[in-house]
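Below is the file run-v4.json, which contains JSON, N, CA, C and O atoms and all ligand atoms.
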```json
[["chain", "number", "residue", "atom", "x", "y", "z"],
["A", 18, "MET", "N", -4.56, 1.39, 34.49],
["A", 18, "MET", "CA", -4.12, 0.51, 33.40],
["A", 18, "MET", "C", -3.93, 1.36, 32.14],
["A", 18, "MET", "O", -4.73, 2.22, 31.84],
["A", 19, "ALA", "N", -2.87, 1.11, 31.45],
["A", 19, "ALA", "CA", -2.59, 1.87, 30.24],
["A", 19, "ALA", "C", -2.61, 0.96, 29.03],
["A", 19, "ALA", "O", -2.27, -0.22, 29.12],
["A", 20, "LYS", "N", -3.00, 1.53, 27.93],
["A", 20, "LYS", "CA", -2.96, 0.77, 26.68],
["A", 20, "LYS", "C", -1.73, 1.19, 25.88],
["A", 20, "LYS", "O", -1.52, 2.38, 25.65],
["A", 21, "ILE", "N", -0.97, 0.21, 25.50],
["A", 21, "ILE", "CA", 0.21, 0.52, 24.71],
["A", 21, "ILE", "C", 0.28, -0.38, 23.49],
["A", 21, "ILE", "O", -0.27, -1.48, 23.47],
["A", 22, "CYS", "N", 0.98, 0.10, 22.52],
["A", 22, "CYS", "CA", 1.19, -0.70, 21.31],
["A", 22, "CYS", "C", 2.38, -1.64, 21.55],
["A", 22, "CYS", "O", 3.47, -1.18, 21.89],
["A", 23, "PRO", "N", 2.18, -2.94, 21.41],
["A", 23, "PRO", "CA", 3.28, -3.88, 21.68],
["A", 23, "PRO", "C", 4.44, -3.76, 20.70],
["A", 23, "PRO", "O", 5.57, -4.11, 21.04],
["A", 24, "LEU", "N", 4.18, -3.26, 19.51],
["A", 24, "LEU", "CA", 5.27, -3.11, 18.55],
["A", 24, "LEU", "C", 6.09, -1.85, 18.83],
["A", 24, "LEU", "O", 7.31, -1.87, 18.79],
["A", 25, "CYS", "N", 5.40, -0.74, 19.10],
["A", 25, "CYS", "CA", 6.13, 0.50, 19.41],
["A", 25, "CYS", "C", 6.97, 0.33, 20.65],
["A", 25, "CYS", "O", 8.02, 0.95, 20.78],
["A", 26, "ASN", "N", 6.50, -0.50, 21.56],
["A", 26, "ASN", "CA", 7.21, -0.66, 22.82],
["A", 26, "ASN", "C", 8.10, -1.89, 22.85],
["A", 26, "ASN", "O", 8.59, -2.27, 23.90],
["A", 27, "LYS", "N", 8.27, -2.50, 21.70],
["A", 27, "LYS", "CA", 9.19, -3.64, 21.56],
["A", 27, "LYS", "C", 8.86, -4.80, 22.49],
["A", 27, "LYS", "O", 9.75, -5.50, 22.95],
["A", 28, "ILE", "N", 7.59, -4.93, 22.77],
["A", 28, "ILE", "CA", 7.19, -6.05, 23.63],
["A", 28, "ILE", "C", 7.10, -7.33, 22.82],
["A", 28, "ILE", "O", 7.44, -8.41, 23.29],
["A", 29, "LYS", "N", 6.62, -7.19, 21.61],
["A", 29, "LYS", "CA", 6.62, -8.38, 20.77],
["A", 29, "LYS", "C", 6.94, -8.03, 19.34],
["A", 29, "LYS", "O", 6.79, -6.87, 18.93],
["A", 30, "ASP", "N", 7.39, -9.02, 18.63],
["A", 30, "ASP", "CA", 7.69, -8.82, 17.23],
["A", 30, "ASP", "C", 6.42, -8.96, 16.41],
["A", 30, "ASP", "O", 5.45, -9.54, 16.86],
["A", 31, "THR", "N", 6.49, -8.45, 15.23],
["A", 31, "THR", "CA", 5.33, -8.57, 14.37],
["A", 31, "THR", "C", 5.11, -10.01, 13.96],
["A", 31, "THR", "O", 6.05, -10.79, 13.85],
["A", 32, "ASP", "N", 3.84, -10.35, 13.79],
["A", 32, "ASP", "CA", 3.55, -11.66, 13.22],
["A", 32, "ASP", "C", 2.80, -11.47, 11.91],
["A", 32, "ASP", "O", 2.11, -12.36, 11.44],
["A", 33, "ALA", "N", 2.94, -10.30, 11.33],
["A", 33, "ALA", "CA", 2.27, -10.03, 10.05],
["A", 33, "ALA", "C", 2.92, -10.86, 8.95],
["A", 33, "ALA", "O", 4.14, -10.93, 8.86],
["A", 34, "LYS", "N", 2.08, -11.48, 8.16],
["A", 34, "LYS", "CA", 2.60, -12.31, 7.07],
["A", 34, "LYS", "C", 2.23, -11.67, 5.74],
["A", 34, "LYS", "O", 1.14, -11.10, 5.59],
["A", 35, "CYS", "N", 3.13, -11.80, 4.81],
["A", 35, "CYS", "CA", 2.89, -11.29, 3.47],
["A", 35, "CYS", "C", 1.77, -12.08, 2.81],
["A", 35, "CYS", "O", 1.78, -13.31, 2.84],
["A", 36, "LYS", "N", 0.82, -11.34, 2.23],
["A", 36, "LYS", "CA", -0.29, -12.07, 1.64],
["A", 36, "LYS", "C", 0.07, -12.67, 0.28],
["A", 36, "LYS", "O", -0.65, -13.51, -0.24],
["A", 37, "ASP", "N", 1.18, -12.25, -0.27],
["A", 37, "ASP", "CA", 1.60, -12.83, -1.54],
["A", 37, "ASP", "C", 2.46, -14.08, -1.36],
["A", 37, "ASP", "O", 2.25, -15.08, -2.03],
["A", 38, "CYS", "N", 3.45, -14.01, -0.48],
["A", 38, "CYS", "CA", 4.38, -15.14, -0.37],
["A", 38, "CYS", "C", 4.37, -15.81, 0.99],
["A", 38, "CYS", "O", 4.98, -16.85, 1.15],
["A", 39, "GLY", "N", 3.71, -15.21, 1.97],
["A", 39, "GLY", "CA", 3.63, -15.84, 3.27],
["A", 39, "GLY", "C", 4.83, -15.60, 4.16],
["A", 39, "GLY", "O", 4.87, -16.12, 5.27],
["A", 40, "SER", "N", 5.80, -14.83, 3.70],
["A", 40, "SER", "CA", 6.96, -14.54, 4.55],
["A", 40, "SER", "C", 6.56, -13.61, 5.68],
["A", 40, "SER", "O", 5.61, -12.83, 5.56],
["A", 41, "LEU", "N", 7.33, -13.68, 6.74],
["A", 41, "LEU", "CA", 7.12, -12.76, 7.84],
["A", 41, "LEU", "C", 7.53, -11.36, 7.39],
["A", 41, "LEU", "O", 8.61, -11.18, 6.83],
["A", 42, "MET", "N", 6.66, -10.41, 7.64],
["A", 42, "MET", "CA", 6.97, -9.04, 7.22],
["A", 42, "MET", "C", 7.68, -8.32, 8.35],
["A", 42, "MET", "O", 7.52, -8.67, 9.52],
["A", 43, "ILE", "N", 8.49, -7.33, 8.01],
["A", 43, "ILE", "CA", 9.19, -6.59, 9.05],
["A", 43, "ILE", "C", 8.45, -5.29, 9.36],
["A", 43, "ILE", "O", 7.83, -4.69, 8.49],
["A", 44, "ASN", "N", 8.54, -4.92, 10.59],
["A", 44, "ASN", "CA", 7.87, -3.71, 11.06],
["A", 44, "ASN", "C", 8.71, -2.49, 10.69],
["A", 44, "ASN", "O", 9.85, -2.37, 11.10],
["A", 45, "MET", "N", 8.11, -1.59, 9.92],
["A", 45, "MET", "CA", 8.83, -0.39, 9.48],
["A", 45, "MET", "C", 8.55, 0.80, 10.39],
["A", 45, "MET", "O", 9.06, 1.88, 10.17],
["A", 46, "GLY", "N", 7.67, 0.62, 11.33],
["A", 46, "GLY", "CA", 7.33, 1.73, 12.21],
["A", 46, "GLY", "C", 5.91, 2.21, 11.98],
["A", 46, "GLY", "O", 5.18, 1.65, 11.17],
["A", 47, "ARG", "N", 5.58, 3.23, 12.66],
["A", 47, "ARG", "CA", 4.21, 3.73, 12.55],
["A", 47, "ARG", "C", 4.02, 4.49, 11.24],
["A", 47, "ARG", "O", 4.91, 5.20, 10.78],
["A", 48, "VAL", "N", 2.83, 4.36, 10.71],
["A", 48, "VAL", "CA", 2.51, 5.02, 9.45],
["A", 48, "VAL", "C", 2.65, 6.53, 9.56],
["A", 48, "VAL", "O", 3.11, 7.19, 8.64],
["A", 49, "GLN", "N", 2.31, 7.08, 10.69],
["A", 49, "GLN", "CA", 2.38, 8.54, 10.80],
["A", 49, "GLN", "C", 3.81, 9.06, 10.76],
["A", 49, "GLN", "O", 4.02, 10.25, 10.57],
["A", 50, "ASP", "N", 4.77, 8.17, 10.90],
["A", 50, "ASP", "CA", 6.16, 8.59, 10.74],
["A", 50, "ASP", "C", 6.57, 8.67, 9.28],
["A", 50, "ASP", "O", 7.66, 9.11, 8.96],
["A", 51, "TYR", "N", 5.70, 8.20, 8.41],
["A", 51, "TYR", "CA", 5.98, 8.23, 6.98],
["A", 51, "TYR", "C", 4.93, 9.06, 6.27],
["A", 51, "TYR", "O", 4.40, 8.65, 5.26],
["A", 52, "SER", "N", 4.61, 10.20, 6.81],
["A", 52, "SER", "CA", 3.52, 10.95, 6.19],
["A", 52, "SER", "C", 3.93, 11.38, 4.78],
["A", 52, "SER", "O", 5.04, 11.81, 4.53],
["A", 53, "ASP", "N", 3.01, 11.22, 3.90],
["A", 53, "ASP", "CA", 3.26, 11.47, 2.49],
["A", 53, "ASP", "C", 2.87, 12.90, 2.14],
["A", 53, "ASP", "O", 1.72, 13.30, 2.31],
["A", 54, "PRO", "N", 3.82, 13.70, 1.68],
["A", 54, "PRO", "CA", 3.48, 15.09, 1.35],
["A", 54, "PRO", "C", 2.61, 15.20, 0.10],
["A", 54, "PRO", "O", 2.00, 16.24, -0.14],
["A", 55, "TYR", "N", 2.58, 14.17, -0.68],
["A", 55, "TYR", "CA", 1.77, 14.19, -1.90],
["A", 55, "TYR", "C", 0.50, 13.41, -1.67],
["A", 55, "TYR", "O", 0.51, 12.36, -1.04],
["A", 56, "GLY", "N", -0.55, 13.90, -2.25],
["A", 56, "GLY", "CA", -1.78, 13.12, -2.22],
["A", 56, "GLY", "C", -2.45, 13.17, -0.87],
["A", 56, "GLY", "O", -1.78, 13.23, 0.15],
["A", 57, "PRO", "N", -3.76, 13.14, -0.93],
["A", 57, "PRO", "CA", -4.50, 13.21, 0.33],
["A", 57, "PRO", "C", -4.39, 11.92, 1.12],
["A", 57, "PRO", "O", -4.28, 10.84, 0.55],
["A", 58, "GLN", "N", -4.37, 12.05, 2.39],
["A", 58, "GLN", "CA", -4.36, 10.88, 3.26],
["A", 58, "GLN", "C", -5.46, 11.04, 4.27],
["A", 58, "GLN", "O", -5.87, 12.14, 4.58],
["A", 59, "ASP", "N", -5.87, 9.95, 4.78],
["A", 59, "ASP", "CA", -6.83, 10.03, 5.87],
["A", 59, "ASP", "C", -6.17, 10.75, 7.03],
["A", 59, "ASP", "O", -4.98, 10.58, 7.26],
["A", 60, "PRO", "N", -6.91, 11.53, 7.72],
["A", 60, "PRO", "CA", -6.33, 12.16, 8.91],
["A", 60, "PRO", "C", -5.91, 11.07, 9.88],
["A", 60, "PRO", "O", -6.65, 10.13, 10.12],
["A", 61, "ILE", "N", -4.70, 11.20, 10.35],
["A", 61, "ILE", "CA", -4.20, 10.18, 11.28],
["A", 61, "ILE", "C", -4.34, 10.70, 12.70],
["A", 61, "ILE", "O", -3.77, 11.73, 13.05],
["A", 62, "ASN", "N", -5.09, 10.01, 13.46],
["A", 62, "ASN", "CA", -5.12, 10.36, 14.87],
["A", 62, "ASN", "C", -4.70, 9.13, 15.64],
["A", 62, "ASN", "O", -4.89, 8.01, 15.20],
["A", 63, "ASP", "N", -4.11, 9.38, 16.75],
["A", 63, "ASP", "CA", -3.65, 8.26, 17.54],
["A", 63, "ASP", "C", -4.86, 7.60, 18.16],
["A", 63, "ASP", "O", -5.40, 8.05, 19.15],
["A", 64, "ALA", "N", -5.30, 6.56, 17.52],
["A", 64, "ALA", "CA", -6.51, 5.90, 17.96],
["A", 64, "ALA", "C", -6.30, 5.25, 19.31],
["A", 64, "ALA", "O", -5.20, 4.89, 19.68],
["A", 65, "ASP", "N", -7.40, 5.14, 20.00],
["A", 65, "ASP", "CA", -7.35, 4.61, 21.34],
["A", 65, "ASP", "C", -6.93, 3.15, 21.40],
["A", 65, "ASP", "O", -6.21, 2.73, 22.28],
["A", 66, "ASN", "N", -7.42, 2.40, 20.46],
["A", 66, "ASN", "CA", -7.29, 0.95, 20.57],
["A", 66, "ASN", "C", -6.26, 0.34, 19.65],
["A", 66, "ASN", "O", -5.97, -0.84, 19.79],
["A", 67, "TYR", "N", -5.77, 1.11, 18.73],
["A", 67, "TYR", "CA", -4.79, 0.52, 17.82],
["A", 67, "TYR", "C", -3.82, 1.58, 17.32],
["A", 67, "TYR", "O", -4.03, 2.77, 17.46],
["A", 68, "CYS", "N", -2.78, 1.09, 16.71],
["A", 68, "CYS", "CA", -1.71, 1.89, 16.17],
["A", 68, "CYS", "C", -1.55, 1.34, 14.75],
["A", 68, "CYS", "O", -1.66, 0.13, 14.57],
["A", 69, "ILE", "N", -1.35, 2.19, 13.79],
["A", 69, "ILE", "CA", -1.21, 1.68, 12.43],
["A", 69, "ILE", "C", 0.25, 1.63, 12.05],
["A", 69, "ILE", "O", 0.96, 2.63, 12.12],
["A", 70, "HIS", "N", 0.70, 0.44, 11.73],
["A", 70, "HIS", "CA", 2.10, 0.24, 11.38],
["A", 70, "HIS", "C", 2.25, -0.11, 9.91],
["A", 70, "HIS", "O", 1.34, -0.65, 9.29],
["A", 71, "LEU", "N", 3.42, 0.19, 9.42],
["A", 71, "LEU", "CA", 3.77, -0.17, 8.06],
["A", 71, "LEU", "C", 4.66, -1.41, 8.13],
["A", 71, "LEU", "O", 5.61, -1.45, 8.89],
["A", 72, "PHE", "N", 4.30, -2.40, 7.34],
["A", 72, "PHE", "CA", 5.08, -3.63, 7.30],
["A", 72, "PHE", "C", 5.64, -3.82, 5.90],
["A", 72, "PHE", "O", 5.02, -3.42, 4.92],
["A", 73, "LYS", "N", 6.79, -4.43, 5.86],
["A", 73, "LYS", "CA", 7.40, -4.66, 4.57],
["A", 73, "LYS", "C", 7.79, -6.12, 4.43],
["A", 73, "LYS", "O", 8.35, -6.72, 5.35],
["A", 74, "CYS", "N", 7.52, -6.68, 3.27],
["A", 74, "CYS", "CA", 7.99, -8.02, 2.95],
["A", 74, "CYS", "C", 9.33, -7.88, 2.24],
["A", 74, "CYS", "O", 9.41, -7.25, 1.19],
["A", 75, "GLU", "N", 10.36, -8.45, 2.84],
["A", 75, "GLU", "CA", 11.68, -8.34, 2.23],
["A", 75, "GLU", "C", 11.80, -9.22, 1.00],
["A", 75, "GLU", "O", 12.67, -9.02, 0.17],
["A", 76, "ASN", "N", 10.94, -10.19, 0.94],
["A", 76, "ASN", "CA", 10.96, -11.11, -0.19],
["A", 76, "ASN", "C", 10.38, -10.45, -1.45],
["A", 76, "ASN", "O", 11.00, -10.46, -2.51],
["A", 77, "CYS", "N", 9.21, -9.87, -1.32],
["A", 77, "CYS", "CA", 8.54, -9.25, -2.47],
["A", 77, "CYS", "C", 8.82, -7.75, -2.57],
["A", 77, "CYS", "O", 8.61, -7.16, -3.61],
["A", 78, "GLY", "N", 9.19, -7.15, -1.46],
["A", 78, "GLY", "CA", 9.41, -5.71, -1.45],
["A", 78, "GLY", "C", 8.15, -4.89, -1.33],
["A", 78, "GLY", "O", 8.20, -3.67, -1.45],
["A", 79, "ILE", "N", 7.04, -5.55, -1.08],
["A", 79, "ILE", "CA", 5.81, -4.77, -0.93],
["A", 79, "ILE", "C", 5.67, -4.27, 0.50],
["A", 79, "ILE", "O", 6.21, -4.85, 1.43],
["A", 80, "THR", "N", 4.96, -3.17, 0.63],
["A", 80, "THR", "CA", 4.67, -2.66, 1.96],
["A", 80, "THR", "C", 3.17, -2.65, 2.16],
["A", 80, "THR", "O", 2.40, -2.51, 1.20],
["A", 81, "GLU", "N", 2.80, -2.78, 3.38],
["A", 81, "GLU", "CA", 1.38, -2.81, 3.70],
["A", 81, "GLU", "C", 1.20, -2.22, 5.08],
["A", 81, "GLU", "O", 2.02, -2.45, 5.97],
["A", 82, "SER", "N", 0.14, -1.45, 5.24],
["A", 82, "SER", "CA", -0.12, -0.93, 6.58],
["A", 82, "SER", "C", -1.22, -1.75, 7.22],
["A", 82, "SER", "O", -2.16, -2.18, 6.54],
["A", 83, "SER", "N", -1.09, -1.98, 8.48],
["A", 83, "SER", "CA", -2.18, -2.65, 9.16],
["A", 83, "SER", "C", -2.25, -2.25, 10.62],
["A", 83, "SER", "O", -1.29, -1.74, 11.19],
["A", 84, "LYS", "N", -3.41, -2.47, 11.16],
["A", 84, "LYS", "CA", -3.65, -2.08, 12.55],
["A", 84, "LYS", "C", -2.97, -3.04, 13.50],
["A", 84, "LYS", "O", -3.01, -4.25, 13.30],
["A", 85, "VAL", "N", -2.38, -2.46, 14.53],
["A", 85, "VAL", "CA", -1.83, -3.27, 15.61],
["A", 85, "VAL", "C", -2.61, -2.90, 16.85],
["A", 85, "VAL", "O", -2.60, -1.75, 17.27],
["A", 86, "TYR", "N", -3.32, -3.85, 17.39],
["A", 86, "TYR", "CA", -4.14, -3.54, 18.54],
["A", 86, "TYR", "C", -3.32, -3.37, 19.81],
["A", 86, "TYR", "O", -2.38, -4.13, 20.05],
["A", 87, "LYS", "N", -3.64, -2.36, 20.54],
["A", 87, "LYS", "CA", -2.92, -2.10, 21.78],
["A", 87, "LYS", "C", -3.32, -3.11, 22.85],
["A", 87, "LYS", "O", -4.41, -3.67, 22.81],
["A", 88, "ILE", "N", -2.41, -3.29, 23.77],
["A", 88, "ILE", "CA", -2.68, -4.22, 24.86],
["A", 88, "ILE", "C", -2.67, -3.47, 26.18],
["A", 88, "ILE", "O", -2.05, -2.41, 26.31],
["A", 89, "ASN", "N", -3.35, -4.02, 27.12],
["A", 89, "ASN", "CA", -3.36, -3.43, 28.46],
["A", 89, "ASN", "C", -2.15, -3.88, 29.24],
["A", 89, "ASN", "O", -1.79, -5.05, 29.20],
["A", 90, "ILE", "N", -1.56, -2.93, 29.94],
["A", 90, "ILE", "CA", -0.45, -3.33, 30.82],
["A", 90, "ILE", "C", -0.79, -2.92, 32.25],
["A", 90, "ILE", "O", -1.61, -2.06, 32.47],
["B", 101, "ZN", "ZN", 2.66, 1.04, 17.41],
["B", 102, "ZN", "ZN", 6.09, -11.39, 0.10]]
```
Starting from the file, lay out its structure as C-alpha cells.
Amino acid sequence: MAKICPLCNKIKDTDAKCKDCGSLMINMGRVQDYSDPYGPQDPINDADNYCIHLFKCENCGITESSKVYKINI
C-alpha cells in the first residue's frame, strides 16, 4: 500500500476554504515548489503523512499553506 497526496495526484480537488470570505481556495501546488530565497524557512522534508500545499483565495488574493493528508491507495 502506498501513501499519496490526493491533490498532487489530481484525485480530488481542494476543499480548503478561505478563512476571511469562505470562498473555495485554489490549489497552487506544493510549498516546496515555491521555495523562498529570502528569509529562513523551516526545512521542508517530504513528510510521510502529509504534503504541504499553498492555497490561494481568488476573492481576497491571500495565500495560505496547509497540510494535505496523504491517503492510502
Ligand atoms: Zn501534495
Ligand atoms: Zn477570501
#### Entry: Shell of 7 Å around region 32-46 of chain A, only N, CA, C and O atoms, local chain residues under 6 positions omitted, as a list in words
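Listed by chain and then number, they are Ile69, His70, Leu71, Phe72, Lys73, Cys74, Glu75, Asn76 and Glu81 of chain A.
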### Task
For each of A:Ile28, A:Ile79, A:Ile90, A:Cys22, take the minimum atom-to-atom distance to ligand ZN 101 (chain B), counting all atoms listed in the file, then give the residue where this is smallest.
A:Cys22
With ligand ZN 101 (chain B) as the partner and 9 Å as the cut-off, tabulate the residues of chain A that qualify, each row holding the nearest pair of atoms and their distance in Å to one decimal, using only C-alpha atoms and all ligand atoms, sorted by chain and rising number, as JSON lines.
```
{"residue": "A:Ile21", "atom": "CA", "partner": "B:ZN101", "partner_atom": "ZN", "distance": 7.7}
{"residue": "A:Cys22", "atom": "CA", "partner": "B:ZN101", "partner_atom": "ZN", "distance": 4.5}
{"residue": "A:Pro23", "atom": "CA", "partner": "B:ZN101", "partner_atom": "ZN", "distance": 6.5}
{"residue": "A:Leu24", "atom": "CA", "partner": "B:ZN101", "partner_atom": "ZN", "distance": 5.0}
{"residue": "A:Cys25", "atom": "CA", "partner": "B:ZN101", "partner_atom": "ZN", "distance": 4.0}
{"residue": "A:Asn26", "atom": "CA", "partner": "B:ZN101", "partner_atom": "ZN", "distance": 7.3}
{"residue": "A:Gly46", "atom": "CA", "partner": "B:ZN101", "partner_atom": "ZN", "distance": 7.0}
{"residue": "A:Arg47", "atom": "CA", "partner": "B:ZN101", "partner_atom": "ZN", "distance": 5.8}
{"residue": "A:Val48", "atom": "CA", "partner": "B:ZN101", "partner_atom": "ZN", "distance": 8.9}
{"residue": "A:Tyr67", "atom": "CA", "partner": "B:ZN101", "partner_atom": "ZN", "distance": 7.5}
{"residue": "A:Cys68", "atom": "CA", "partner": "B:ZN101", "partner_atom": "ZN", "distance": 4.6}
{"residue": "A:Ile69", "atom": "CA", "partner": "B:ZN101", "partner_atom": "ZN", "distance": 6.3}
{"residue": "A:His70", "atom": "CA", "partner": "B:ZN101", "partner_atom": "ZN", "distance": 6.1}
{"residue": "A:Lys84", "atom": "CA", "partner": "B:ZN101", "partner_atom": "ZN", "distance": 8.6}
{"residue": "A:Val85", "atom": "CA", "partner": "B:ZN101", "partner_atom": "ZN", "distance": 6.5}
{"residue": "A:Tyr86", "atom": "CA", "partner": "B:ZN101", "partner_atom": "ZN", "distance": 8.3}
{"residue": "A:Lys87", "atom": "CA", "partner": "B:ZN101", "partner_atom": "ZN", "distance": 7.8}
```
What's around Asn89 (chain A) at 7 Å? Count only C-alpha atoms, leave out sequence neighbours fewer than 3 positions away in its own chain, and write the answer as a tab-separated table (two decimals) with N, CA, C and O atoms, in the frame of the given file.
```
chain	number	residue	atom	x	y	z
A	18	MET	N	-4.56	1.39	34.49
A	18	MET	CA	-4.12	0.51	33.40
A	18	MET	C	-3.93	1.36	32.14
A	18	MET	O	-4.73	2.22	31.84
A	19	ALA	N	-2.87	1.11	31.45
A	19	ALA	CA	-2.59	1.87	30.24
A	19	ALA	C	-2.61	0.96	29.03
A	19	ALA	O	-2.27	-0.22	29.12
A	20	LYS	N	-3.00	1.53	27.93
A	20	LYS	CA	-2.96	0.77	26.68
A	20	LYS	C	-1.73	1.19	25.88
A	20	LYS	O	-1.52	2.38	25.65
A	21	ILE	N	-0.97	0.21	25.50
A	21	ILE	CA	0.21	0.52	24.71
A	21	ILE	C	0.28	-0.38	23.49
A	21	ILE	O	-0.27	-1.48	23.47
```
### Distance in Å - atom ZN of ligand ZN 102 (chain B) versus atom N of Thr80 (chain A)
8.3 Å
### Task
Find the residue from A:Ile88, A:Thr31, A:Ser83, A:Gly78 that sits nearest to ligand ZN 102 (chain B); use only N, CA, C and O atoms and all ligand atoms when measuring.
A:Gly78
### Task
Check chain A with DSSP on the backbone and list each residue it calls helix (DSSP H, G or I), as a PyMOL selection string.
chain A and resi 48-51
### Message
Rounded to one decimal, what separation in Å do you get between atom ZN of ligand ZN 102 (chain B) and atom C of Gln49 (chain A)?
### Response
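Computing the Euclidean distance for atom ZN of ligand ZN 102 (chain B) and atom C of Gln49 (chain A) yields 23.2 Å.
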### Message
One decimal, in Å: what's the spacing between atom N of Lys27 (chain A) and atom O of Asn66 (chain A)?
### Response
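Value for the atom N of Lys27 (chain A)-atom O of Asn66 (chain A) distance: 14.5 Å.
The residues of chain A that DSSP classifies as strand (DSSP E or B), using the backbone of this structure, are Lys20, Ile21, Lys34, Leu41, Ile43, Asn44, Met45, Gly46, Arg47, Tyr67, Cys68, Ile69, His70, Leu71, Phe72, Lys73, Thr80, Glu81, Ser82, Ser83, Lys84, Val85, Tyr86, Ile88 and Asn89 of chain A.
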Deliver the residues from the most recent selection as a file, using N, CA, C and O atoms, as a CSV table (one decimal), keeping the file's coordinate frame.
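The new file again12.csv reads:
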```csv
chain,number,residue,atom,x,y,z
A,20,LYS,N,-3.0,1.5,27.9
A,20,LYS,CA,-3.0,0.8,26.7
A,20,LYS,C,-1.7,1.2,25.9
A,20,LYS,O,-1.5,2.4,25.6
A,21,ILE,N,-1.0,0.2,25.5
A,21,ILE,CA,0.2,0.5,24.7
A,21,ILE,C,0.3,-0.4,23.5
A,21,ILE,O,-0.3,-1.5,23.5
A,34,LYS,N,2.1,-11.5,8.2
A,34,LYS,CA,2.6,-12.3,7.1
A,34,LYS,C,2.2,-11.7,5.7
A,34,LYS,O,1.1,-11.1,5.6
A,41,LEU,N,7.3,-13.7,6.7
A,41,LEU,CA,7.1,-12.8,7.8
A,41,LEU,C,7.5,-11.4,7.4
A,41,LEU,O,8.6,-11.2,6.8
A,43,ILE,N,8.5,-7.3,8.0
A,43,ILE,CA,9.2,-6.6,9.0
A,43,ILE,C,8.4,-5.3,9.4
A,43,ILE,O,7.8,-4.7,8.5
A,44,ASN,N,8.5,-4.9,10.6
A,44,ASN,CA,7.9,-3.7,11.1
A,44,ASN,C,8.7,-2.5,10.7
A,44,ASN,O,9.8,-2.4,11.1
A,45,MET,N,8.1,-1.6,9.9
A,45,MET,CA,8.8,-0.4,9.5
A,45,MET,C,8.6,0.8,10.4
A,45,MET,O,9.1,1.9,10.2
A,46,GLY,N,7.7,0.6,11.3
A,46,GLY,CA,7.3,1.7,12.2
A,46,GLY,C,5.9,2.2,12.0
A,46,GLY,O,5.2,1.6,11.2
A,47,ARG,N,5.6,3.2,12.7
A,47,ARG,CA,4.2,3.7,12.6
A,47,ARG,C,4.0,4.5,11.2
A,47,ARG,O,4.9,5.2,10.8
A,67,TYR,N,-5.8,1.1,18.7
A,67,TYR,CA,-4.8,0.5,17.8
A,67,TYR,C,-3.8,1.6,17.3
A,67,TYR,O,-4.0,2.8,17.5
A,68,CYS,N,-2.8,1.1,16.7
A,68,CYS,CA,-1.7,1.9,16.2
A,68,CYS,C,-1.6,1.3,14.8
A,68,CYS,O,-1.7,0.1,14.6
A,69,ILE,N,-1.4,2.2,13.8
A,69,ILE,CA,-1.2,1.7,12.4
A,69,ILE,C,0.2,1.6,12.0
A,69,ILE,O,1.0,2.6,12.1
A,70,HIS,N,0.7,0.4,11.7
A,70,HIS,CA,2.1,0.2,11.4
A,70,HIS,C,2.2,-0.1,9.9
A,70,HIS,O,1.3,-0.6,9.3
A,71,LEU,N,3.4,0.2,9.4
A,71,LEU,CA,3.8,-0.2,8.1
A,71,LEU,C,4.7,-1.4,8.1
A,71,LEU,O,5.6,-1.4,8.9
A,72,PHE,N,4.3,-2.4,7.3
A,72,PHE,CA,5.1,-3.6,7.3
A,72,PHE,C,5.6,-3.8,5.9
A,72,PHE,O,5.0,-3.4,4.9
A,73,LYS,N,6.8,-4.4,5.9
A,73,LYS,CA,7.4,-4.7,4.6
A,73,LYS,C,7.8,-6.1,4.4
A,73,LYS,O,8.4,-6.7,5.4
A,80,THR,N,5.0,-3.2,0.6
A,80,THR,CA,4.7,-2.7,2.0
A,80,THR,C,3.2,-2.6,2.2
A,80,THR,O,2.4,-2.5,1.2
A,81,GLU,N,2.8,-2.8,3.4
A,81,GLU,CA,1.4,-2.8,3.7
A,81,GLU,C,1.2,-2.2,5.1
A,81,GLU,O,2.0,-2.4,6.0
A,82,SER,N,0.1,-1.4,5.2
A,82,SER,CA,-0.1,-0.9,6.6
A,82,SER,C,-1.2,-1.8,7.2
A,82,SER,O,-2.2,-2.2,6.5
A,83,SER,N,-1.1,-2.0,8.5
A,83,SER,CA,-2.2,-2.6,9.2
A,83,SER,C,-2.2,-2.2,10.6
A,83,SER,O,-1.3,-1.7,11.2
A,84,LYS,N,-3.4,-2.5,11.2
A,84,LYS,CA,-3.6,-2.1,12.6
A,84,LYS,C,-3.0,-3.0,13.5
A,84,LYS,O,-3.0,-4.2,13.3
A,85,VAL,N,-2.4,-2.5,14.5
A,85,VAL,CA,-1.8,-3.3,15.6
A,85,VAL,C,-2.6,-2.9,16.8
A,85,VAL,O,-2.6,-1.8,17.3
A,86,TYR,N,-3.3,-3.8,17.4
A,86,TYR,CA,-4.1,-3.5,18.5
A,86,TYR,C,-3.3,-3.4,19.8
A,86,TYR,O,-2.4,-4.1,20.0
A,88,ILE,N,-2.4,-3.3,23.8
A,88,ILE,CA,-2.7,-4.2,24.9
A,88,ILE,C,-2.7,-3.5,26.2
A,88,ILE,O,-2.0,-2.4,26.3
A,89,ASN,N,-3.4,-4.0,27.1
A,89,ASN,CA,-3.4,-3.4,28.5
A,89,ASN,C,-2.2,-3.9,29.2
A,89,ASN,O,-1.8,-5.0,29.2
```
